[in-house]
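Below is the file query_5.cif, which contains mmCIF, N, CA and C atoms.
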data_start
#
loop_
_atom_site.label_atom_id
_atom_site.label_comp_id
_atom_site.auth_asym_id
_atom_site.auth_seq_id
_atom_site.Cartn_x
_atom_site.Cartn_y
_atom_site.Cartn_z
N MET P 83 -16.07 -13.49 43.50
CA MET P 83 -16.75 -12.21 43.35
C MET P 83 -18.23 -12.31 43.73
N LEU P 84 -18.87 -13.43 43.34
CA LEU P 84 -20.28 -13.60 43.68
C LEU P 84 -20.49 -13.75 45.19
N ILE P 85 -19.55 -14.41 45.85
CA ILE P 85 -19.65 -14.53 47.31
C ILE P 85 -19.56 -13.16 47.95
N MET P 86 -18.61 -12.36 47.50
CA MET P 86 -18.48 -11.01 48.04
C MET P 86 -19.74 -10.19 47.77
N ALA P 87 -20.29 -10.32 46.57
CA ALA P 87 -21.52 -9.60 46.24
C ALA P 87 -22.67 -10.06 47.13
N GLY P 88 -22.77 -11.38 47.36
CA GLY P 88 -23.82 -11.90 48.23
C GLY P 88 -23.70 -11.40 49.65
N VAL P 89 -22.49 -11.41 50.17
CA VAL P 89 -22.25 -10.91 51.53
C VAL P 89 -22.59 -9.42 51.61
N LEU P 90 -22.22 -8.67 50.58
CA LEU P 90 -22.55 -7.24 50.56
C LEU P 90 -24.05 -7.00 50.56
N CYS P 91 -24.82 -7.89 49.92
CA CYS P 91 -26.28 -7.77 49.96
C CYS P 91 -26.78 -7.84 51.40
N PHE P 92 -26.23 -8.77 52.18
CA PHE P 92 -26.63 -8.89 53.58
C PHE P 92 -26.21 -7.66 54.39
N LEU P 93 -24.98 -7.21 54.18
CA LEU P 93 -24.50 -6.04 54.91
C LEU P 93 -25.31 -4.79 54.57
N LEU P 94 -25.58 -4.61 53.29
CA LEU P 94 -26.38 -3.46 52.86
C LEU P 94 -27.76 -3.50 53.51
N GLY P 95 -28.37 -4.67 53.53
CA GLY P 95 -29.70 -4.79 54.13
C GLY P 95 -29.68 -4.48 55.61
N ALA P 96 -28.68 -4.99 56.31
CA ALA P 96 -28.59 -4.74 57.75
C ALA P 96 -28.39 -3.26 58.04
N VAL P 97 -27.47 -2.64 57.35
CA VAL P 97 -27.21 -1.20 57.55
C VAL P 97 -28.45 -0.39 57.16
N HIS P 98 -29.10 -0.76 56.07
CA HIS P 98 -30.30 -0.07 55.59
C HIS P 98 -31.39 -0.08 56.66
N SER P 99 -31.64 -1.24 57.25
CA SER P 99 -32.70 -1.33 58.26
C SER P 99 -32.32 -0.62 59.55
N ILE P 100 -31.11 -0.82 60.01
CA ILE P 100 -30.69 -0.20 61.27
C ILE P 100 -30.69 1.31 61.17
N LEU P 101 -30.07 1.84 60.12
CA LEU P 101 -30.04 3.30 59.96
C LEU P 101 -31.42 3.87 59.70
N GLY P 102 -32.23 3.16 58.93
CA GLY P 102 -33.60 3.63 58.67
C GLY P 102 -34.41 3.73 59.95
N GLU P 103 -34.28 2.72 60.82
CA GLU P 103 -35.00 2.77 62.09
C GLU P 103 -34.54 3.95 62.93
N ARG P 104 -33.21 4.13 63.01
CA ARG P 104 -32.67 5.21 63.86
C ARG P 104 -32.92 6.60 63.29
N MET P 105 -32.69 6.76 61.99
CA MET P 105 -32.70 8.10 61.41
C MET P 105 -34.06 8.52 60.86
N ILE P 106 -34.92 7.57 60.53
CA ILE P 106 -36.19 7.93 59.91
C ILE P 106 -37.38 7.57 60.80
N PHE P 107 -37.47 6.30 61.17
CA PHE P 107 -38.70 5.85 61.81
C PHE P 107 -38.81 6.20 63.29
N GLN P 108 -37.72 6.20 64.04
CA GLN P 108 -37.82 6.63 65.44
C GLN P 108 -38.25 8.10 65.53
N PRO P 109 -37.60 9.01 64.78
CA PRO P 109 -38.08 10.40 64.83
C PRO P 109 -39.50 10.55 64.30
N LEU P 110 -39.86 9.77 63.29
CA LEU P 110 -41.21 9.86 62.73
C LEU P 110 -42.25 9.43 63.75
N ARG P 111 -41.93 8.42 64.55
CA ARG P 111 -42.87 7.97 65.58
C ARG P 111 -43.07 9.05 66.65
N LYS P 112 -42.02 9.80 66.92
CA LYS P 112 -42.09 10.84 67.95
C LYS P 112 -42.75 12.12 67.42
N GLU P 113 -42.52 12.42 66.15
CA GLU P 113 -42.94 13.70 65.60
C GLU P 113 -43.94 13.53 64.47
N ALA P 114 -44.79 12.54 64.54
CA ALA P 114 -45.74 12.28 63.46
C ALA P 114 -46.88 13.29 63.50
N THR P 115 -46.55 14.53 63.18
CA THR P 115 -47.55 15.58 63.21
C THR P 115 -48.17 15.82 61.84
N TYR P 116 -47.49 15.40 60.80
CA TYR P 116 -48.04 15.58 59.46
C TYR P 116 -49.03 14.46 59.19
N SER P 117 -50.26 14.82 58.91
CA SER P 117 -51.32 13.80 58.80
C SER P 117 -51.04 12.80 57.68
N LEU P 118 -50.49 13.24 56.56
CA LEU P 118 -50.22 12.32 55.46
C LEU P 118 -49.16 11.30 55.85
N LEU P 119 -48.08 11.77 56.47
CA LEU P 119 -47.04 10.85 56.92
C LEU P 119 -47.58 9.91 57.99
N LYS P 120 -48.39 10.43 58.88
CA LYS P 120 -48.96 9.60 59.93
C LYS P 120 -49.85 8.52 59.33
N LYS P 121 -50.61 8.88 58.31
CA LYS P 121 -51.53 7.94 57.67
C LYS P 121 -50.78 6.81 56.98
N TYR P 122 -49.65 7.11 56.35
CA TYR P 122 -48.92 6.12 55.56
C TYR P 122 -47.65 5.60 56.24
N ARG P 123 -47.48 5.91 57.50
CA ARG P 123 -46.29 5.51 58.23
C ARG P 123 -46.09 4.00 58.21
N GLY P 124 -47.15 3.23 58.35
CA GLY P 124 -47.05 1.77 58.40
C GLY P 124 -46.53 1.16 57.11
N ILE P 125 -47.05 1.62 55.98
CA ILE P 125 -46.60 1.06 54.71
C ILE P 125 -45.19 1.54 54.37
N LEU P 126 -44.85 2.75 54.78
CA LEU P 126 -43.48 3.23 54.59
C LEU P 126 -42.50 2.36 55.37
N TRP P 127 -42.86 2.05 56.62
CA TRP P 127 -42.02 1.20 57.46
C TRP P 127 -41.88 -0.19 56.85
N ALA P 128 -43.00 -0.79 56.44
CA ALA P 128 -42.97 -2.14 55.87
C ALA P 128 -42.16 -2.17 54.58
N THR P 129 -42.37 -1.21 53.71
CA THR P 129 -41.65 -1.16 52.45
C THR P 129 -40.16 -0.97 52.67
N TRP P 130 -39.83 -0.15 53.64
CA TRP P 130 -38.42 0.08 53.95
C TRP P 130 -37.73 -1.24 54.30
N HIS P 131 -38.36 -2.04 55.13
CA HIS P 131 -37.75 -3.28 55.57
C HIS P 131 -37.91 -4.42 54.55
N LEU P 132 -38.86 -4.29 53.63
CA LEU P 132 -38.95 -5.25 52.53
C LEU P 132 -37.67 -5.25 51.70
N VAL P 133 -37.10 -4.07 51.54
CA VAL P 133 -35.84 -3.96 50.79
C VAL P 133 -34.77 -4.83 51.44
N THR P 134 -34.71 -4.83 52.76
CA THR P 134 -33.73 -5.64 53.48
C THR P 134 -33.98 -7.13 53.27
N ILE P 135 -35.22 -7.53 53.40
CA ILE P 135 -35.56 -8.95 53.24
C ILE P 135 -35.30 -9.42 51.81
N PHE P 136 -35.72 -8.64 50.83
CA PHE P 136 -35.50 -9.02 49.44
C PHE P 136 -34.01 -9.01 49.11
N GLY P 137 -33.27 -8.08 49.69
CA GLY P 137 -31.82 -8.05 49.48
C GLY P 137 -31.14 -9.28 50.04
N ALA P 138 -31.61 -9.76 51.19
CA ALA P 138 -31.06 -10.99 51.76
C ALA P 138 -31.33 -12.18 50.85
N CYS P 139 -32.50 -12.23 50.27
CA CYS P 139 -32.84 -13.32 49.35
C CYS P 139 -31.93 -13.26 48.12
N LEU P 140 -31.71 -12.07 47.59
CA LEU P 140 -30.79 -11.93 46.46
C LEU P 140 -29.38 -12.33 46.85
N GLY P 141 -28.99 -11.99 48.07
CA GLY P 141 -27.67 -12.39 48.56
C GLY P 141 -27.53 -13.90 48.60
N LEU P 142 -28.57 -14.60 49.08
CA LEU P 142 -28.54 -16.06 49.08
C LEU P 142 -28.44 -16.62 47.68
N TYR P 143 -29.15 -16.01 46.75
CA TYR P 143 -29.09 -16.46 45.36
C TYR P 143 -27.68 -16.29 44.80
N LEU P 144 -27.06 -15.17 45.09
CA LEU P 144 -25.69 -14.95 44.61
C LEU P 144 -24.73 -15.97 45.22
N LEU P 145 -24.92 -16.28 46.49
CA LEU P 145 -24.07 -17.30 47.12
C LEU P 145 -24.27 -18.66 46.46
N GLU P 146 -25.51 -18.96 46.12
CA GLU P 146 -25.78 -20.23 45.43
C GLU P 146 -25.14 -20.23 44.04
N LEU P 147 -25.26 -19.12 43.33
CA LEU P 147 -24.62 -19.01 42.01
C LEU P 147 -23.11 -19.18 42.09
N ALA P 148 -22.54 -18.76 43.21
CA ALA P 148 -21.09 -18.86 43.40
C ALA P 148 -20.67 -20.30 43.71
N GLY P 149 -21.64 -21.19 43.85
CA GLY P 149 -21.31 -22.58 44.10
C GLY P 149 -21.36 -23.00 45.55
N MET P 150 -21.78 -22.10 46.42
CA MET P 150 -21.88 -22.47 47.84
C MET P 150 -23.07 -23.40 48.04
N GLU P 151 -22.88 -24.40 48.85
CA GLU P 151 -23.96 -25.32 49.18
C GLU P 151 -24.77 -24.73 50.33
N LEU P 152 -25.97 -24.31 50.03
CA LEU P 152 -26.83 -23.74 51.05
C LEU P 152 -27.76 -24.83 51.58
N PRO P 153 -28.04 -24.80 52.88
CA PRO P 153 -28.97 -25.80 53.41
C PRO P 153 -30.37 -25.51 52.89
N GLY P 154 -31.04 -26.52 52.42
CA GLY P 154 -32.40 -26.34 51.93
C GLY P 154 -32.45 -26.06 50.45
N ASP P 155 -33.65 -25.98 49.97
CA ASP P 155 -33.92 -25.76 48.56
C ASP P 155 -34.11 -24.26 48.33
N PHE P 156 -33.47 -23.70 47.31
CA PHE P 156 -33.53 -22.25 47.14
C PHE P 156 -34.95 -21.71 47.00
N PRO P 157 -35.86 -22.38 46.28
CA PRO P 157 -37.23 -21.83 46.24
C PRO P 157 -37.85 -21.64 47.63
N LEU P 158 -37.41 -22.43 48.60
CA LEU P 158 -37.94 -22.25 49.95
C LEU P 158 -37.42 -20.95 50.58
N PHE P 159 -36.24 -20.50 50.17
CA PHE P 159 -35.76 -19.19 50.63
C PHE P 159 -36.66 -18.08 50.08
N ILE P 160 -37.10 -18.26 48.84
CA ILE P 160 -38.00 -17.27 48.24
C ILE P 160 -39.35 -17.31 48.97
N VAL P 161 -39.83 -18.51 49.30
CA VAL P 161 -41.08 -18.63 50.06
C VAL P 161 -40.94 -17.90 51.39
N ALA P 162 -39.84 -18.13 52.10
CA ALA P 162 -39.62 -17.46 53.38
C ALA P 162 -39.57 -15.95 53.21
N THR P 163 -38.94 -15.49 52.13
CA THR P 163 -38.87 -14.06 51.84
C THR P 163 -40.26 -13.48 51.65
N MET P 164 -41.08 -14.16 50.87
CA MET P 164 -42.43 -13.67 50.60
C MET P 164 -43.30 -13.72 51.87
N LEU P 165 -43.14 -14.77 52.67
CA LEU P 165 -43.90 -14.86 53.92
C LEU P 165 -43.51 -13.75 54.89
N LEU P 166 -42.21 -13.50 55.01
CA LEU P 166 -41.77 -12.39 55.88
C LEU P 166 -42.28 -11.06 55.36
N GLY P 167 -42.25 -10.90 54.04
CA GLY P 167 -42.77 -9.67 53.44
C GLY P 167 -44.26 -9.51 53.72
N ALA P 168 -45.02 -10.59 53.58
CA ALA P 168 -46.46 -10.54 53.87
C ALA P 168 -46.70 -10.16 55.33
N LEU P 169 -45.90 -10.75 56.21
CA LEU P 169 -46.02 -10.45 57.64
C LEU P 169 -45.72 -8.97 57.92
N LEU P 170 -44.64 -8.47 57.32
CA LEU P 170 -44.28 -7.06 57.53
C LEU P 170 -45.38 -6.12 57.06
N VAL P 171 -45.86 -6.34 55.84
CA VAL P 171 -46.90 -5.46 55.30
C VAL P 171 -48.18 -5.60 56.11
N GLY P 172 -48.52 -6.82 56.50
CA GLY P 172 -49.72 -7.03 57.30
C GLY P 172 -49.65 -6.33 58.64
N ILE P 173 -48.50 -6.46 59.31
CA ILE P 173 -48.33 -5.81 60.62
C ILE P 173 -48.24 -4.29 60.45
N GLY P 174 -47.42 -3.86 59.48
CA GLY P 174 -47.19 -2.42 59.30
C GLY P 174 -48.45 -1.65 58.96
N THR P 175 -49.37 -2.29 58.25
CA THR P 175 -50.59 -1.59 57.84
C THR P 175 -51.84 -2.11 58.54
N LYS P 176 -51.64 -2.99 59.51
CA LYS P 176 -52.76 -3.61 60.23
C LYS P 176 -53.73 -4.28 59.25
N GLY P 177 -53.14 -4.87 58.19
CA GLY P 177 -53.92 -5.60 57.21
C GLY P 177 -54.66 -4.75 56.20
N ARG P 178 -54.49 -3.43 56.24
CA ARG P 178 -55.24 -2.55 55.35
C ARG P 178 -54.65 -2.46 53.94
N HIS P 179 -53.36 -2.74 53.80
CA HIS P 179 -52.75 -2.69 52.46
C HIS P 179 -52.80 -4.09 51.86
N PRO P 180 -53.33 -4.23 50.64
CA PRO P 180 -53.50 -5.56 50.06
C PRO P 180 -52.20 -6.24 49.62
N GLY P 181 -51.09 -5.56 49.72
CA GLY P 181 -49.82 -6.14 49.32
C GLY P 181 -49.49 -7.43 50.05
N TRP P 182 -49.92 -7.53 51.32
CA TRP P 182 -49.62 -8.74 52.09
C TRP P 182 -50.30 -9.96 51.48
N ILE P 183 -51.47 -9.76 50.89
CA ILE P 183 -52.20 -10.87 50.27
C ILE P 183 -51.43 -11.38 49.05
N ILE P 184 -50.92 -10.47 48.24
CA ILE P 184 -50.18 -10.86 47.04
C ILE P 184 -48.89 -11.58 47.43
N LEU P 185 -48.17 -11.06 48.40
CA LEU P 185 -46.94 -11.71 48.86
C LEU P 185 -47.22 -13.11 49.39
N LEU P 186 -48.30 -13.25 50.13
CA LEU P 186 -48.70 -14.56 50.64
C LEU P 186 -49.06 -15.50 49.50
N LEU P 187 -49.80 -15.00 48.52
CA LEU P 187 -50.18 -15.80 47.36
C LEU P 187 -48.95 -16.29 46.59
N ILE P 188 -47.97 -15.41 46.43
CA ILE P 188 -46.72 -15.80 45.75
C ILE P 188 -46.06 -16.95 46.51
N ALA P 189 -45.99 -16.84 47.84
CA ALA P 189 -45.38 -17.91 48.64
C ALA P 189 -46.13 -19.23 48.47
N ILE P 190 -47.44 -19.16 48.49
CA ILE P 190 -48.25 -20.37 48.34
C ILE P 190 -48.04 -21.00 46.96
N LEU P 191 -48.04 -20.17 45.92
CA LEU P 191 -47.85 -20.69 44.56
C LEU P 191 -46.48 -21.35 44.40
N ILE P 192 -45.45 -20.77 44.99
CA ILE P 192 -44.11 -21.37 44.92
C ILE P 192 -44.10 -22.72 45.65
N LEU P 193 -44.75 -22.75 46.81
CA LEU P 193 -44.82 -24.02 47.56
C LEU P 193 -45.55 -25.10 46.75
N ILE P 194 -46.63 -24.75 46.10
CA ILE P 194 -47.38 -25.70 45.29
C ILE P 194 -46.53 -26.18 44.11
N ALA P 195 -45.82 -25.24 43.48
CA ALA P 195 -45.00 -25.58 42.30
C ALA P 195 -43.77 -26.40 42.69
N ASN P 196 -43.30 -26.22 43.90
CA ASN P 196 -42.07 -26.89 44.34
C ASN P 196 -42.41 -28.28 44.78
#
Encoding of this model in C-alpha cells:
Amino acid sequence: MLIMAGVLCFLLGAVHSILGERMIFQPLRKEATYSLLKKYRGILWATWHLVTIFGACLGLYLLELAGMELPGDFPLFIVATMLLGALLVGIGTKGRHPGWIILLLIAILILIAN
C-alpha cells in the first residue's frame, strides 16, 4: 500500500505540473493584463511547482517506509528538495521573494546535521 501511495505522489505531482502549465500558466503568460496577477505571477508559478517537488519527496519517503532500498541517504533527498525549491522561488521571483533564502538555509542545516 505504501508503494502504491508513493507512486501516486509522483503521478499526482507530474499531472499537477503539466496541467498547471497548460491550463493556468501558458494562458496567464499570454493574457497577463491584470496588474496584480502580473506582479505575482512568478511566485504563483514557483509555488505551484513546489507542490510537485515536495510531493515527490513525500513519495520517496513513503517508498522508504515501505521497505524499498533507495540509493543514497534519505536526508539528502530532502536537501535536494529544498535546493530545487530555492532555485524555483529564486528564478520565479528573480530573487525578490525571501522564501528561496529559507529553503536554502533548510538545505544547508540538513547537510550540516547529516
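Restricting the calculation to only N, CA and C atoms, the smallest distance between His131 in chain P and any of P:Leu170, P:Gly154, P:Leu187, P:Ile194 is found for P:Leu170.
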Practice problem: Output the residue selection produced by the PyMOL selection byres (((chain P and resi 182-185 and name CA) around 7) and name CA) on the file above, formatted as a list in words. | Solution: Met164, Leu165, Gly167, Ala168, Leu169, Val171, Gly172, His179, Pro180, Gly181, Leu186, Leu187, Ile188 and Ala189 of chain P
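Closest approach to Ile85 in chain P among P:Leu119, P:Cys139, P:Leu145, P:Ile106 is made by P:Leu145 (distances from all atoms listed in the file).
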As a short mmCIF file (atom, residue, chain, number, x, y, z; two decimals) with N, CA and C atoms, in the frame of the given file, please: every residue in range 105-190 of chain P that DSSP puts in alpha helix (DSSP H).
data_model
loop_
_atom_site.label_atom_id
_atom_site.label_comp_id
_atom_site.auth_asym_id
_atom_site.auth_seq_id
_atom_site.Cartn_x
_atom_site.Cartn_y
_atom_site.Cartn_z
N GLN P 108 -37.72 6.20 64.04
CA GLN P 108 -37.82 6.63 65.44
C GLN P 108 -38.25 8.10 65.53
N PRO P 109 -37.60 9.01 64.78
CA PRO P 109 -38.08 10.40 64.83
C PRO P 109 -39.50 10.55 64.30
N LEU P 110 -39.86 9.77 63.29
CA LEU P 110 -41.21 9.86 62.73
C LEU P 110 -42.25 9.43 63.75
N ARG P 111 -41.93 8.42 64.55
CA ARG P 111 -42.87 7.97 65.58
C ARG P 111 -43.07 9.05 66.65
N LYS P 112 -42.02 9.80 66.92
CA LYS P 112 -42.09 10.84 67.95
C LYS P 112 -42.75 12.12 67.42
N SER P 117 -50.26 14.82 58.91
CA SER P 117 -51.32 13.80 58.80
C SER P 117 -51.04 12.80 57.68
N LEU P 118 -50.49 13.24 56.56
CA LEU P 118 -50.22 12.32 55.46
C LEU P 118 -49.16 11.30 55.85
N LEU P 119 -48.08 11.77 56.47
CA LEU P 119 -47.04 10.85 56.92
C LEU P 119 -47.58 9.91 57.99
N LYS P 120 -48.39 10.43 58.88
CA LYS P 120 -48.96 9.60 59.93
C LYS P 120 -49.85 8.52 59.33
N LYS P 121 -50.61 8.88 58.31
CA LYS P 121 -51.53 7.94 57.67
C LYS P 121 -50.78 6.81 56.98
N TYR P 122 -49.65 7.11 56.35
CA TYR P 122 -48.92 6.12 55.56
C TYR P 122 -47.65 5.60 56.24
N ARG P 123 -47.48 5.91 57.50
CA ARG P 123 -46.29 5.51 58.23
C ARG P 123 -46.09 4.00 58.21
N GLY P 124 -47.15 3.23 58.35
CA GLY P 124 -47.05 1.77 58.40
C GLY P 124 -46.53 1.16 57.11
N ILE P 125 -47.05 1.62 55.98
CA ILE P 125 -46.60 1.06 54.71
C ILE P 125 -45.19 1.54 54.37
N LEU P 126 -44.85 2.75 54.78
CA LEU P 126 -43.48 3.23 54.59
C LEU P 126 -42.50 2.36 55.37
N TRP P 127 -42.86 2.05 56.62
CA TRP P 127 -42.02 1.20 57.46
C TRP P 127 -41.88 -0.19 56.85
N ALA P 128 -43.00 -0.79 56.44
CA ALA P 128 -42.97 -2.14 55.87
C ALA P 128 -42.16 -2.17 54.58
N THR P 129 -42.37 -1.21 53.71
CA THR P 129 -41.65 -1.16 52.45
C THR P 129 -40.16 -0.97 52.67
N TRP P 130 -39.83 -0.15 53.64
CA TRP P 130 -38.42 0.08 53.95
C TRP P 130 -37.73 -1.24 54.30
N HIS P 131 -38.36 -2.04 55.13
CA HIS P 131 -37.75 -3.28 55.57
C HIS P 131 -37.91 -4.42 54.55
N LEU P 132 -38.86 -4.29 53.63
CA LEU P 132 -38.95 -5.25 52.53
C LEU P 132 -37.67 -5.25 51.70
N VAL P 133 -37.10 -4.07 51.54
CA VAL P 133 -35.84 -3.96 50.79
C VAL P 133 -34.77 -4.83 51.44
N THR P 134 -34.71 -4.83 52.76
CA THR P 134 -33.73 -5.64 53.48
C THR P 134 -33.98 -7.13 53.27
N ILE P 135 -35.22 -7.53 53.40
CA ILE P 135 -35.56 -8.95 53.24
C ILE P 135 -35.30 -9.42 51.81
N PHE P 136 -35.72 -8.64 50.83
CA PHE P 136 -35.50 -9.02 49.44
C PHE P 136 -34.01 -9.01 49.11
N GLY P 137 -33.27 -8.08 49.69
CA GLY P 137 -31.82 -8.05 49.48
C GLY P 137 -31.14 -9.28 50.04
N ALA P 138 -31.61 -9.76 51.19
CA ALA P 138 -31.06 -10.99 51.76
C ALA P 138 -31.33 -12.18 50.85
N CYS P 139 -32.50 -12.23 50.27
CA CYS P 139 -32.84 -13.32 49.35
C CYS P 139 -31.93 -13.26 48.12
N LEU P 140 -31.71 -12.07 47.59
CA LEU P 140 -30.79 -11.93 46.46
C LEU P 140 -29.38 -12.33 46.85
N GLY P 141 -28.99 -11.99 48.07
CA GLY P 141 -27.67 -12.39 48.56
C GLY P 141 -27.53 -13.90 48.60
N LEU P 142 -28.57 -14.60 49.08
CA LEU P 142 -28.54 -16.06 49.08
C LEU P 142 -28.44 -16.62 47.68
N TYR P 143 -29.15 -16.01 46.75
CA TYR P 143 -29.09 -16.46 45.36
C TYR P 143 -27.68 -16.29 44.80
N LEU P 144 -27.06 -15.17 45.09
CA LEU P 144 -25.69 -14.95 44.61
C LEU P 144 -24.73 -15.97 45.22
N LEU P 145 -24.92 -16.28 46.49
CA LEU P 145 -24.07 -17.30 47.12
C LEU P 145 -24.27 -18.66 46.46
N GLU P 146 -25.51 -18.96 46.12
CA GLU P 146 -25.78 -20.23 45.43
C GLU P 146 -25.14 -20.23 44.04
N LEU P 147 -25.26 -19.12 43.33
CA LEU P 147 -24.62 -19.01 42.01
C LEU P 147 -23.11 -19.18 42.09
N PHE P 156 -33.47 -23.70 47.31
CA PHE P 156 -33.53 -22.25 47.14
C PHE P 156 -34.95 -21.71 47.00
N PRO P 157 -35.86 -22.38 46.28
CA PRO P 157 -37.23 -21.83 46.24
C PRO P 157 -37.85 -21.64 47.63
N LEU P 158 -37.41 -22.43 48.60
CA LEU P 158 -37.94 -22.25 49.95
C LEU P 158 -37.42 -20.95 50.58
N PHE P 159 -36.24 -20.50 50.17
CA PHE P 159 -35.76 -19.19 50.63
C PHE P 159 -36.66 -18.08 50.08
N ILE P 160 -37.10 -18.26 48.84
CA ILE P 160 -38.00 -17.27 48.24
C ILE P 160 -39.35 -17.31 48.97
N VAL P 161 -39.83 -18.51 49.30
CA VAL P 161 -41.08 -18.63 50.06
C VAL P 161 -40.94 -17.90 51.39
N ALA P 162 -39.84 -18.13 52.10
CA ALA P 162 -39.62 -17.46 53.38
C ALA P 162 -39.57 -15.95 53.21
N THR P 163 -38.94 -15.49 52.13
CA THR P 163 -38.87 -14.06 51.84
C THR P 163 -40.26 -13.48 51.65
N MET P 164 -41.08 -14.16 50.87
CA MET P 164 -42.43 -13.67 50.60
C MET P 164 -43.30 -13.72 51.87
N LEU P 165 -43.14 -14.77 52.67
CA LEU P 165 -43.90 -14.86 53.92
C LEU P 165 -43.51 -13.75 54.89
N LEU P 166 -42.21 -13.50 55.01
CA LEU P 166 -41.77 -12.39 55.88
C LEU P 166 -42.28 -11.06 55.36
N GLY P 167 -42.25 -10.90 54.04
CA GLY P 167 -42.77 -9.67 53.44
C GLY P 167 -44.26 -9.51 53.72
N ALA P 168 -45.02 -10.59 53.58
CA ALA P 168 -46.46 -10.54 53.87
C ALA P 168 -46.70 -10.16 55.33
N LEU P 169 -45.90 -10.75 56.21
CA LEU P 169 -46.02 -10.45 57.64
C LEU P 169 -45.72 -8.97 57.92
N LEU P 170 -44.64 -8.47 57.32
CA LEU P 170 -44.28 -7.06 57.53
C LEU P 170 -45.38 -6.12 57.06
N VAL P 171 -45.86 -6.34 55.84
CA VAL P 171 -46.90 -5.46 55.30
C VAL P 171 -48.18 -5.60 56.11
N GLY P 172 -48.52 -6.82 56.50
CA GLY P 172 -49.72 -7.03 57.30
C GLY P 172 -49.65 -6.33 58.64
N ILE P 173 -48.50 -6.46 59.31
CA ILE P 173 -48.33 -5.81 60.62
C ILE P 173 -48.24 -4.29 60.45
N GLY P 174 -47.42 -3.86 59.48
CA GLY P 174 -47.19 -2.42 59.30
C GLY P 174 -48.45 -1.65 58.96
N THR P 175 -49.37 -2.29 58.25
CA THR P 175 -50.59 -1.59 57.84
C THR P 175 -51.84 -2.11 58.54
N GLY P 181 -51.09 -5.56 49.72
CA GLY P 181 -49.82 -6.14 49.32
C GLY P 181 -49.49 -7.43 50.05
N TRP P 182 -49.92 -7.53 51.32
CA TRP P 182 -49.62 -8.74 52.09
C TRP P 182 -50.30 -9.96 51.48
N ILE P 183 -51.47 -9.76 50.89
CA ILE P 183 -52.20 -10.87 50.27
C ILE P 183 -51.43 -11.38 49.05
N ILE P 184 -50.92 -10.47 48.24
CA ILE P 184 -50.18 -10.86 47.04
C ILE P 184 -48.89 -11.58 47.43
N LEU P 185 -48.17 -11.06 48.40
CA LEU P 185 -46.94 -11.71 48.86
C LEU P 185 -47.22 -13.11 49.39
N LEU P 186 -48.30 -13.25 50.13
CA LEU P 186 -48.70 -14.56 50.64
C LEU P 186 -49.06 -15.50 49.50
N LEU P 187 -49.80 -15.00 48.52
CA LEU P 187 -50.18 -15.80 47.36
C LEU P 187 -48.95 -16.29 46.59
N ILE P 188 -47.97 -15.41 46.43
CA ILE P 188 -46.72 -15.80 45.75
C ILE P 188 -46.06 -16.95 46.51
N ALA P 189 -45.99 -16.84 47.84
CA ALA P 189 -45.38 -17.91 48.64
C ALA P 189 -46.13 -19.23 48.47
N ILE P 190 -47.44 -19.16 48.49
CA ILE P 190 -48.25 -20.37 48.34
C ILE P 190 -48.04 -21.00 46.96
#
Quiz item: Which of these, P:Met150, P:Val89, P:Leu84, P:Leu158, has the shortest distance to Asn196 in chain P once you count all atoms listed in the file?
Solution: P:Leu158
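Take the candidates P:Met83, P:Phe92, P:Gln108, P:Leu126 and check each one against Leu142 in chain P using only C-alpha atoms; the shortest distance goes to P:Phe92.
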Quiz item: Distance CA of Ile125 in chain P-CA of Thr175 in chain P, one decimal place?
Solution: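 Spanning CA of Ile125 in chain P to CA of Thr175 in chain P is a straight-line distance of 5.7 Å.
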Self-check item: Å distance separating CA of Lys112 in chain P from atom N of Leu93 in chain P, one decimal place
Solution: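 Computed distance, CA of Lys112 in chain P to atom N of Leu93 in chain P, equals 28.4 Å.
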Quiz item: Between P:Leu110, P:Leu166, P:Arg178, P:Ala87, which is the closest to Leu132 in chain P once you count all atoms listed in the file?
Solution: P:Leu166
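Coordinates place atom C of Thr129 in chain P at a distance of 25.3 Å from atom N of Leu147 in chain P.
Of the residues listed (P:Phe159, P:Tyr143, P:Phe136, P:Trp130), P:Phe159 shows the shortest atom-to-atom separation from Leu193 in chain P; distances use only C-alpha atoms.
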